[in-house]
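Trainee: Contents of target06.cif (mmCIF, C-alpha atoms, pLDDT in the B column; chains and numbers go by the auth columns) are below:
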```
data_run
#
loop_
_atom_site.group_PDB
_atom_site.id
_atom_site.type_symbol
_atom_site.label_atom_id
_atom_site.label_comp_id
_atom_site.label_asym_id
_atom_site.label_seq_id
_atom_site.Cartn_x
_atom_site.Cartn_y
_atom_site.Cartn_z
_atom_site.B_iso_or_equiv
_atom_site.auth_seq_id
_atom_site.auth_asym_id
ATOM 1 C CA MET A 1 17.473 -7.198 -17.367 66.00 1 A
ATOM 2 C CA LYS A 2 13.862 -7.944 -18.239 63.00 2 A
ATOM 3 C CA ASN A 3 12.162 -10.075 -15.589 67.00 3 A
ATOM 4 C CA ILE A 4 9.311 -12.577 -15.991 71.00 4 A
ATOM 5 C CA GLU A 5 6.717 -9.830 -15.395 77.00 5 A
ATOM 6 C CA GLY A 6 8.082 -7.975 -18.423 73.00 6 A
ATOM 7 C CA THR A 7 9.598 -5.061 -16.480 82.00 7 A
ATOM 8 C CA TYR A 8 13.249 -4.121 -16.222 75.00 8 A
ATOM 9 C CA GLU A 9 15.355 -4.444 -13.091 75.00 9 A
ATOM 10 C CA LEU A 10 19.006 -4.485 -12.040 67.00 10 A
ATOM 11 C CA THR A 11 20.842 -7.773 -12.376 67.00 11 A
ATOM 12 C CA HIS A 12 22.585 -9.569 -9.552 64.00 12 A
ATOM 13 C CA ARG A 13 25.901 -8.536 -11.091 69.00 13 A
ATOM 14 C CA PHE A 14 25.429 -5.195 -9.321 64.00 14 A
ATOM 15 C CA LEU A 15 26.091 -7.042 -6.064 61.00 15 A
ATOM 16 C CA ARG A 16 29.705 -7.409 -7.184 68.00 16 A
ATOM 17 C CA ILE A 17 29.968 -3.624 -7.540 67.00 17 A
ATOM 18 C CA GLY A 18 28.411 -2.993 -4.134 66.00 18 A
ATOM 19 C CA PHE A 19 30.476 -5.581 -2.322 66.00 19 A
ATOM 20 C CA GLY A 20 33.618 -4.382 -4.103 67.00 20 A
ATOM 21 C CA THR A 21 32.939 -0.823 -2.967 70.00 21 A
ATOM 22 C CA ARG A 22 32.442 -2.018 0.607 70.00 22 A
ATOM 23 C CA GLU A 23 35.634 -4.124 0.544 73.00 23 A
ATOM 24 C CA ARG A 24 37.695 -1.060 -0.489 80.00 24 A
ATOM 25 C CA ASN A 25 36.236 1.118 2.286 86.00 25 A
ATOM 26 C CA THR A 26 38.975 1.732 4.870 92.00 26 A
ATOM 27 C CA VAL A 27 36.499 2.023 7.751 94.00 27 A
ATOM 28 C CA TYR A 28 35.020 -1.361 6.823 91.00 28 A
ATOM 29 C CA GLN A 29 38.497 -2.894 6.589 94.00 29 A
ATOM 30 C CA ALA A 30 39.431 -1.580 10.027 96.00 30 A
ATOM 31 C CA ALA A 31 36.123 -2.534 11.663 96.00 31 A
ATOM 32 C CA GLN A 32 35.411 -6.097 10.538 94.00 32 A
ATOM 33 C CA SER A 33 37.043 -7.953 13.414 95.00 33 A
ATOM 34 C CA GLU A 34 35.732 -5.512 16.031 96.00 34 A
ATOM 35 C CA ILE A 35 32.152 -5.900 14.771 96.00 35 A
ATOM 36 C CA ARG A 36 32.514 -9.691 14.903 94.00 36 A
ATOM 37 C CA LYS A 37 33.872 -9.544 18.485 96.00 37 A
ATOM 38 C CA LEU A 38 31.124 -7.138 19.509 96.00 38 A
ATOM 39 C CA ALA A 39 28.395 -9.461 18.221 94.00 39 A
ATOM 40 C CA GLN A 40 29.984 -12.407 20.051 94.00 40 A
ATOM 41 C CA ASN A 41 30.519 -10.523 23.315 95.00 41 A
ATOM 42 C CA THR A 42 27.012 -9.057 23.437 94.00 42 A
ATOM 43 C CA ASN A 43 25.036 -11.879 21.822 92.00 43 A
ATOM 44 C CA ALA A 44 23.188 -9.164 19.903 93.00 44 A
ATOM 45 C CA VAL A 45 23.269 -7.457 16.515 94.00 45 A
ATOM 46 C CA ALA A 46 26.469 -5.475 15.889 96.00 46 A
ATOM 47 C CA ASN A 47 26.682 -2.985 13.023 96.00 47 A
ATOM 48 C CA LEU A 48 29.093 -0.701 11.270 97.00 48 A
ATOM 49 C CA VAL A 49 27.364 2.371 9.872 97.00 49 A
ATOM 50 C CA VAL A 50 28.898 5.027 7.634 97.00 50 A
ATOM 51 C CA PRO A 51 27.495 8.423 6.634 97.00 51 A
ATOM 52 C CA GLU A 52 26.477 9.176 3.084 95.00 52 A
ATOM 53 C CA GLU A 53 24.953 12.635 2.639 93.00 53 A
ATOM 54 C CA ALA A 54 21.821 12.659 4.855 96.00 54 A
ATOM 55 C CA ASP A 55 21.804 8.930 5.534 96.00 55 A
ATOM 56 C CA ALA A 56 23.397 6.380 7.790 96.00 56 A
ATOM 57 C CA ILE A 57 24.301 3.373 5.605 94.00 57 A
ATOM 58 C CA TYR A 58 24.528 -0.041 7.272 93.00 58 A
ATOM 59 C CA LEU A 59 27.813 -1.313 5.818 92.00 59 A
ATOM 60 C CA HIS A 60 28.376 -4.408 7.964 93.00 60 A
ATOM 61 C CA ARG A 61 26.116 -6.395 10.278 92.00 61 A
ATOM 62 C CA ILE A 62 26.561 -9.515 12.318 93.00 62 A
ATOM 63 C CA GLY A 63 23.710 -11.001 14.326 88.00 63 A
ATOM 64 C CA ASN A 64 19.991 -11.629 14.369 70.00 64 A
ATOM 65 C CA ASP A 65 18.067 -11.340 11.097 62.00 65 A
ATOM 66 C CA ASP A 66 15.193 -9.486 12.790 65.00 66 A
ATOM 67 C CA HIS A 67 17.185 -6.234 12.772 63.00 67 A
ATOM 68 C CA PRO A 68 15.039 -3.530 11.136 62.00 68 A
ATOM 69 C CA ILE A 69 17.759 -2.448 8.666 73.00 69 A
ATOM 70 C CA ALA A 70 19.754 -4.851 6.457 79.00 70 A
ATOM 71 C CA VAL A 71 23.288 -4.425 5.101 83.00 71 A
ATOM 72 C CA GLY A 72 23.129 -1.747 2.426 84.00 72 A
ATOM 73 C CA GLY A 73 19.994 -0.291 3.979 88.00 73 A
ATOM 74 C CA SER A 74 19.832 3.243 5.248 92.00 74 A
ATOM 75 C CA VAL A 75 18.055 5.550 7.631 94.00 75 A
ATOM 76 C CA ARG A 76 18.166 9.334 7.961 96.00 76 A
ATOM 77 C CA LEU A 77 20.921 10.370 10.335 97.00 77 A
ATOM 78 C CA HIS A 78 18.563 11.725 13.001 97.00 78 A
ATOM 79 C CA GLY A 79 16.443 8.543 13.009 95.00 79 A
ATOM 80 C CA ALA A 80 18.796 6.074 14.705 95.00 80 A
ATOM 81 C CA ALA A 81 21.551 5.976 17.321 97.00 81 A
ATOM 82 C CA ALA A 82 24.336 5.509 14.760 97.00 82 A
ATOM 83 C CA GLY A 83 23.225 8.496 12.714 97.00 83 A
ATOM 84 C CA LYS A 84 22.903 10.692 15.785 98.00 84 A
ATOM 85 C CA ALA A 85 26.409 9.642 16.865 98.00 85 A
ATOM 86 C CA ILE A 86 27.667 10.812 13.471 98.00 86 A
ATOM 87 C CA LEU A 87 25.627 14.052 13.484 98.00 87 A
ATOM 88 C CA ALA A 88 26.912 14.907 16.960 98.00 88 A
ATOM 89 C CA PHE A 89 30.417 15.299 15.555 98.00 89 A
ATOM 90 C CA ARG A 90 29.442 17.526 12.654 97.00 90 A
ATOM 91 C CA SER A 91 29.589 21.289 13.015 96.00 91 A
ATOM 92 C CA ALA A 92 26.559 23.227 14.243 96.00 92 A
ATOM 93 C CA ASP A 93 26.238 24.743 10.751 97.00 93 A
ATOM 94 C CA ALA A 94 26.245 21.266 9.171 97.00 94 A
ATOM 95 C CA VAL A 95 23.522 20.109 11.582 97.00 95 A
ATOM 96 C CA ASP A 96 21.442 23.218 10.778 97.00 96 A
ATOM 97 C CA GLU A 97 21.891 22.557 7.068 97.00 97 A
ATOM 98 C CA TYR A 98 20.826 18.915 7.553 98.00 98 A
ATOM 99 C CA VAL A 99 17.685 19.934 9.449 98.00 99 A
ATOM 100 C CA ASN A 100 16.768 22.667 6.946 97.00 100 A
ATOM 101 C CA ARG A 101 17.433 20.568 3.869 97.00 101 A
ATOM 102 C CA TYR A 102 16.067 17.161 4.907 97.00 102 A
ATOM 103 C CA GLY A 103 13.762 17.846 7.830 97.00 103 A
ATOM 104 C CA LEU A 104 13.244 15.493 10.740 98.00 104 A
ATOM 105 C CA ASP A 105 10.851 12.825 9.510 96.00 105 A
ATOM 106 C CA ARG A 106 9.193 10.477 11.982 96.00 106 A
ATOM 107 C CA LYS A 107 9.702 6.673 11.926 93.00 107 A
ATOM 108 C CA THR A 108 7.935 6.017 15.255 95.00 108 A
ATOM 109 C CA ASP A 109 6.327 8.196 17.900 96.00 109 A
ATOM 110 C CA ARG A 110 9.729 8.254 19.670 95.00 110 A
ATOM 111 C CA THR A 111 11.743 9.641 16.746 96.00 111 A
ATOM 112 C CA VAL A 112 13.192 13.082 17.519 96.00 112 A
ATOM 113 C CA THR A 113 11.425 15.545 15.213 97.00 113 A
ATOM 114 C CA ASP A 114 12.019 18.816 17.069 97.00 114 A
ATOM 115 C CA PRO A 115 15.227 20.638 16.014 97.00 115 A
ATOM 116 C CA ALA A 116 15.908 22.031 19.509 97.00 116 A
ATOM 117 C CA THR A 117 15.499 18.587 21.096 97.00 117 A
ATOM 118 C CA LEU A 118 17.827 17.087 18.490 98.00 118 A
ATOM 119 C CA ARG A 119 20.501 19.748 19.088 97.00 119 A
ATOM 120 C CA SER A 120 20.325 19.176 22.845 97.00 120 A
ATOM 121 C CA GLU A 121 20.626 15.422 22.399 97.00 121 A
ATOM 122 C CA LEU A 122 23.567 15.844 20.006 98.00 122 A
ATOM 123 C CA ARG A 123 25.428 17.948 22.618 98.00 123 A
ATOM 124 C CA SER A 124 24.987 15.156 25.166 97.00 124 A
ATOM 125 C CA ILE A 125 26.119 12.536 22.641 98.00 125 A
ATOM 126 C CA ARG A 126 29.195 14.588 21.801 97.00 126 A
ATOM 127 C CA ASP A 127 30.106 14.827 25.501 97.00 127 A
ATOM 128 C CA ARG A 128 29.686 11.085 26.183 96.00 128 A
ATOM 129 C CA LYS A 129 30.487 9.647 22.714 98.00 129 A
ATOM 130 C CA ILE A 130 27.451 7.412 23.217 98.00 130 A
ATOM 131 C CA ALA A 131 24.055 7.624 21.505 98.00 131 A
ATOM 132 C CA PHE A 132 20.886 5.699 22.239 97.00 132 A
ATOM 133 C CA ASP A 133 17.887 4.771 20.138 95.00 133 A
ATOM 134 C CA ARG A 134 15.020 3.740 22.374 94.00 134 A
ATOM 135 C CA GLY A 135 12.443 2.712 19.815 94.00 135 A
ATOM 136 C CA GLU A 136 13.054 5.650 17.456 94.00 136 A
ATOM 137 C CA LEU A 137 13.670 3.542 14.340 92.00 137 A
ATOM 138 C CA ASP A 138 11.543 0.548 15.321 92.00 138 A
ATOM 139 C CA ALA A 139 9.243 0.734 18.337 93.00 139 A
ATOM 140 C CA ASN A 140 10.313 -2.739 19.508 93.00 140 A
ATOM 141 C CA TRP A 141 14.071 -2.279 19.064 93.00 141 A
ATOM 142 C CA GLN A 142 16.724 -0.458 21.113 95.00 142 A
ATOM 143 C CA CYS A 143 20.281 0.442 20.197 95.00 143 A
ATOM 144 C CA VAL A 144 23.466 2.004 21.517 98.00 144 A
ATOM 145 C CA ALA A 145 26.075 3.573 19.221 98.00 145 A
ATOM 146 C CA SER A 146 29.456 5.213 19.444 98.00 146 A
ATOM 147 C CA PRO A 147 30.973 7.350 16.695 98.00 147 A
ATOM 148 C CA ILE A 148 34.203 6.599 14.872 98.00 148 A
ATOM 149 C CA VAL A 149 35.944 9.981 14.673 98.00 149 A
ATOM 150 C CA VAL A 150 39.216 10.387 12.794 97.00 150 A
ATOM 151 C CA ASN A 151 40.966 13.763 12.826 95.00 151 A
ATOM 152 C CA GLY A 152 37.715 15.408 13.943 94.00 152 A
ATOM 153 C CA ASP A 153 35.685 13.844 11.121 96.00 153 A
ATOM 154 C CA PRO A 154 32.855 11.393 11.963 97.00 154 A
ATOM 155 C CA VAL A 155 33.583 8.580 9.490 98.00 155 A
ATOM 156 C CA GLY A 156 31.180 6.030 10.926 98.00 156 A
ATOM 157 C CA ALA A 157 29.615 4.530 14.007 98.00 157 A
ATOM 158 C CA VAL A 158 29.535 1.190 15.776 98.00 158 A
ATOM 159 C CA THR A 159 26.220 -0.041 17.129 97.00 159 A
ATOM 160 C CA VAL A 160 24.719 -2.910 19.063 96.00 160 A
ATOM 161 C CA SER A 161 20.989 -3.384 19.017 94.00 161 A
ATOM 162 C CA GLY A 162 18.308 -5.829 19.947 92.00 162 A
ATOM 163 C CA PRO A 163 14.678 -6.302 20.930 93.00 163 A
ATOM 164 C CA SER A 164 13.499 -3.846 23.588 93.00 164 A
ATOM 165 C CA ASP A 165 12.657 -6.575 26.087 93.00 165 A
ATOM 166 C CA GLU A 166 16.264 -7.843 25.955 92.00 166 A
ATOM 167 C CA MET A 167 18.253 -4.666 25.311 92.00 167 A
ATOM 168 C CA GLN A 168 17.399 -2.385 28.218 91.00 168 A
ATOM 169 C CA GLY A 169 18.517 -1.068 31.589 92.00 169 A
ATOM 170 C CA LYS A 170 22.053 -1.878 32.747 93.00 170 A
ATOM 171 C CA ARG A 171 22.645 -4.218 29.818 93.00 171 A
ATOM 172 C CA LEU A 172 21.980 -1.400 27.310 93.00 172 A
ATOM 173 C CA GLU A 173 23.174 1.680 29.182 93.00 173 A
ATOM 174 C CA GLU A 174 26.295 0.344 30.881 94.00 174 A
ATOM 175 C CA ASP A 175 27.508 -3.081 29.754 95.00 175 A
ATOM 176 C CA THR A 176 26.799 -2.821 26.029 97.00 176 A
ATOM 177 C CA ALA A 177 27.532 0.911 25.886 97.00 177 A
ATOM 178 C CA GLY A 178 31.014 0.272 27.314 97.00 178 A
ATOM 179 C CA LEU A 179 31.753 -2.467 24.774 98.00 179 A
ATOM 180 C CA VAL A 180 30.498 -0.326 21.880 98.00 180 A
ATOM 181 C CA SER A 181 32.589 2.645 22.989 98.00 181 A
ATOM 182 C CA SER A 182 35.687 0.467 23.326 98.00 182 A
ATOM 183 C CA ALA A 183 35.168 -1.031 19.836 98.00 183 A
ATOM 184 C CA ALA A 184 34.802 2.434 18.280 98.00 184 A
ATOM 185 C CA LYS A 185 38.026 3.597 19.971 98.00 185 A
ATOM 186 C CA THR A 186 39.878 0.516 18.711 98.00 186 A
ATOM 187 C CA ILE A 187 38.700 1.191 15.157 98.00 187 A
ATOM 188 C CA GLU A 188 39.703 4.866 15.441 97.00 188 A
ATOM 189 C CA LEU A 189 43.231 3.839 16.440 97.00 189 A
ATOM 190 C CA GLU A 190 43.400 1.424 13.510 95.00 190 A
ATOM 191 C CA LEU A 191 42.468 4.275 11.144 96.00 191 A
ATOM 192 C CA LEU A 192 45.095 6.728 12.404 91.00 192 A
#
```
In structure tokens, how does this file's structure come out?

Mentor:
Amino acid sequence: MKNIEGTYELTHRFLRIGFGTRERNTVYQAAQSEIRKLAQNTNAVANLVVPEEADAIYLHRIGNDDHPIAVGGSVRLHGAAAGKAILAFRSADAVDEYVNRYGLDRKTDRTVTDPATLRSELRSIRDRKIAFDRGELDANWQCVASPIVVNGDPVGAVTVSGPSDEMQGKRLEEDTAGLVSSAAKTIELELL
């Protein structure tokens, strides 16, 4: 469609295609109510993220509009808690391929950009099924994520995030982490 500036752009009809694709996604179908409950129980932003090649795509979000990534937005897998939760359940060869092909670009001074540091963090995430983002995507935002793993395949992640001054300490690392982990497990069972 030609806009008023005389250039061409996509029409709003493409929203129908995008929303239709999301509605047919089985992870989205299984996760909707859990994401809603998570947002209510934490009074923070709750997200469903799914992998697409080298990116974590924010498929569903409920909460504060100040979140750095909107629905449909994406971030490289290594650049946020959700993406790291997904990467942690990929094979070592797949992680090496990701690093070699896409690199480890920096969003903030806290983003993991060293391959050895990333691999070490992914091992810890795999053991605990919990990932943290302490200002790696946005310096003023913190997040906790848990992967959704079905038959060994990381099909998504559940996250809760908020401003650093609110989302920290016990609230982030224990209370919210427990709720996020429980939501991811519930979604996994729904997908089996």

Trainee: Per residue of stretch 88-175 of chain A within 7 Å of stretch 29-49 of chain A, note the shortest atom pair and the distance in Å to one decimal, counting all atoms listed in the file, and order the rows by chain and increasing residue number, as a tab-separated table.

Mentor:
```
residue	atom	partner	partner_atom	distance
A:Gly156	CA	A:Val49	CA	5.4
A:Ala157	CA	A:Val49	CA	5.2
A:Val158	CA	A:Leu48	CA	4.9
A:Thr159	CA	A:Asn47	CA	5.1
A:Val160	CA	A:Ala46	CA	4.4
A:Ser161	CA	A:Val45	CA	5.3
A:Gly162	CA	A:Ala44	CA	5.9
```

Trainee: Which residues fall under the PyMOL selection byres ((chain A and resi 146-155) around 7) in this file, as number ranges by chain?

Mentor: A: 50-51, 82, 85-86, 89, 129-131, 145, 156-159, 180-181, 184, 188, 192

Trainee: Show me a table, sorted first by chain and then by increasing residue number, of the residues of stretch 13-75 of chain A having an atom at most 12 Å from stretch 91-111 of chain A, each with its shortest atom pair and the distance in Å to one decimal, counting all atoms listed in the file and written as CSV.

Mentor:
```
residue,atom,partner,partner_atom,distance
A:Glu53,CA,A:Tyr98,CA,9.0
A:Ala54,CA,A:Tyr98,CA,6.9
A:Asp55,CA,A:Tyr102,CA,10.1
A:Pro68,CA,A:Lys107,CA,11.5
A:Val75,CA,A:Lys107,CA,9.5
```

Trainee: Show me, as a count of residues only, the residues that have an atom within 8 Å of A:Val112 when counting all atoms listed in the file, minus same-chain residues fewer than 3 positions from it.

Mentor: 8

Trainee: How many Å lie between atom CA of A:Gly72 and atom CA of A:Arg24, rounded to one decimal?

Mentor: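 The value is 14.9 Å.
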
Trainee: Using 3 Å of padding on each side, determine the axis-aligned box around all atoms of stretch 178-185 of chain A present in the file and give its centre and edge lengths in Å to one decimal, as lines of an AutoDock Vina configuration file.

Mentor:
```
center_x = 34.3
center_y = 0.6
center_z = 22.8
size_x = 13.5
size_y = 12.1
size_z = 15.0
```

Trainee: Apply the PyMOL selection byres ((chain A and resi 163-173) around 9) to the file shown and report the selected residues as a JSON list (two decimals) with C-alpha atoms, in the frame of the given file.

Mentor:
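Below is the file that was written, part-v9.json:
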```
[["chain", "number", "residue", "atom", "x", "y", "z"],
["A", 44, "ALA", "CA", 23.19, -9.16, 19.90],
["A", 66, "ASP", "CA", 15.19, -9.49, 12.79],
["A", 67, "HIS", "CA", 17.18, -6.23, 12.77],
["A", 132, "PHE", "CA", 20.89, 5.70, 22.24],
["A", 134, "ARG", "CA", 15.02, 3.74, 22.37],
["A", 135, "GLY", "CA", 12.44, 2.71, 19.82],
["A", 139, "ALA", "CA", 9.24, 0.73, 18.34],
["A", 140, "ASN", "CA", 10.31, -2.74, 19.51],
["A", 141, "TRP", "CA", 14.07, -2.28, 19.06],
["A", 142, "GLN", "CA", 16.72, -0.46, 21.11],
["A", 143, "CYS", "CA", 20.28, 0.44, 20.20],
["A", 144, "VAL", "CA", 23.47, 2.00, 21.52],
["A", 160, "VAL", "CA", 24.72, -2.91, 19.06],
["A", 161, "SER", "CA", 20.99, -3.38, 19.02],
["A", 162, "GLY", "CA", 18.31, -5.83, 19.95],
["A", 174, "GLU", "CA", 26.30, 0.34, 30.88],
["A", 175, "ASP", "CA", 27.51, -3.08, 29.75],
["A", 176, "THR", "CA", 26.80, -2.82, 26.03],
["A", 177, "ALA", "CA", 27.53, 0.91, 25.89],
["A", 178, "GLY", "CA", 31.01, 0.27, 27.31]]
```

Trainee: To one decimal place in Å, what is the distance between atom CA of A:Arg61 and atom CA of A:Ala88?

Mentor: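 So the answer is 22.3 Å.
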
Trainee: Interatomic distance between atom CA of A:Thr113 and atom CA of A:Ala70?

Mentor: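 Separating atom CA of A:Thr113 from atom CA of A:Ala70 is a distance of 23.7 Å.
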
Trainee: Export N, CA, C and O atoms of stretch 76-87 of chain A from the structure just given, as a JSON list (two decimals), in the first residue's frame?

Mentor:
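File written: out.json
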```json
[["chain", "number", "residue", "atom", "x", "y", "z"],
["A", 76, "ARG", "N", 17.94, -11.86, 19.99],
["A", 76, "ARG", "CA", 18.80, -13.03, 19.81],
["A", 76, "ARG", "C", 18.71, -13.90, 21.05],
["A", 76, "ARG", "O", 18.58, -13.42, 22.17],
["A", 77, "LEU", "N", 18.79, -15.20, 20.84],
["A", 77, "LEU", "CA", 18.60, -16.15, 21.93],
["A", 77, "LEU", "C", 19.52, -15.88, 23.13],
["A", 77, "LEU", "O", 19.10, -16.01, 24.28],
["A", 78, "HIS", "N", 20.75, -15.50, 22.89],
["A", 78, "HIS", "CA", 21.69, -15.32, 24.01],
["A", 78, "HIS", "C", 21.45, -14.02, 24.77],
["A", 78, "HIS", "O", 22.00, -13.82, 25.84],
["A", 79, "GLY", "N", 20.59, -13.14, 24.24],
["A", 79, "GLY", "CA", 20.45, -11.79, 24.79],
["A", 79, "GLY", "C", 19.37, -11.58, 25.83],
["A", 79, "GLY", "O", 19.17, -10.47, 26.28],
["A", 80, "ALA", "N", 18.67, -12.64, 26.21],
["A", 80, "ALA", "CA", 17.60, -12.51, 27.21],
["A", 80, "ALA", "C", 17.41, -13.84, 27.92],
["A", 80, "ALA", "O", 17.80, -14.89, 27.42],
["A", 81, "ALA", "N", 16.78, -13.80, 29.08],
["A", 81, "ALA", "CA", 16.59, -15.01, 29.88],
["A", 81, "ALA", "C", 15.83, -16.08, 29.11],
["A", 81, "ALA", "O", 16.21, -17.26, 29.14],
["A", 82, "ALA", "N", 14.77, -15.71, 28.42],
["A", 82, "ALA", "CA", 13.97, -16.70, 27.69],
["A", 82, "ALA", "C", 14.81, -17.41, 26.63],
["A", 82, "ALA", "O", 14.73, -18.63, 26.49],
["A", 83, "GLY", "N", 15.57, -16.65, 25.89],
["A", 83, "GLY", "CA", 16.41, -17.25, 24.85],
["A", 83, "GLY", "C", 17.48, -18.16, 25.42],
["A", 83, "GLY", "O", 17.76, -19.23, 24.86],
["A", 84, "LYS", "N", 18.07, -17.76, 26.54],
["A", 84, "LYS", "CA", 19.08, -18.60, 27.18],
["A", 84, "LYS", "C", 18.44, -19.88, 27.71],
["A", 84, "LYS", "O", 19.05, -20.95, 27.63],
["A", 85, "ALA", "N", 17.20, -19.79, 28.20],
["A", 85, "ALA", "CA", 16.50, -20.99, 28.67],
["A", 85, "ALA", "C", 16.30, -21.96, 27.52],
["A", 85, "ALA", "O", 16.43, -23.17, 27.69],
["A", 86, "ILE", "N", 16.00, -21.43, 26.35],
["A", 86, "ILE", "CA", 15.83, -22.27, 25.16],
["A", 86, "ILE", "C", 17.17, -22.84, 24.71],
["A", 86, "ILE", "O", 17.30, -24.04, 24.46],
["A", 87, "LEU", "N", 18.19, -21.99, 24.60],
["A", 87, "LEU", "CA", 19.53, -22.45, 24.18],
["A", 87, "LEU", "C", 20.08, -23.54, 25.09],
["A", 87, "LEU", "O", 20.76, -24.45, 24.62]]
```
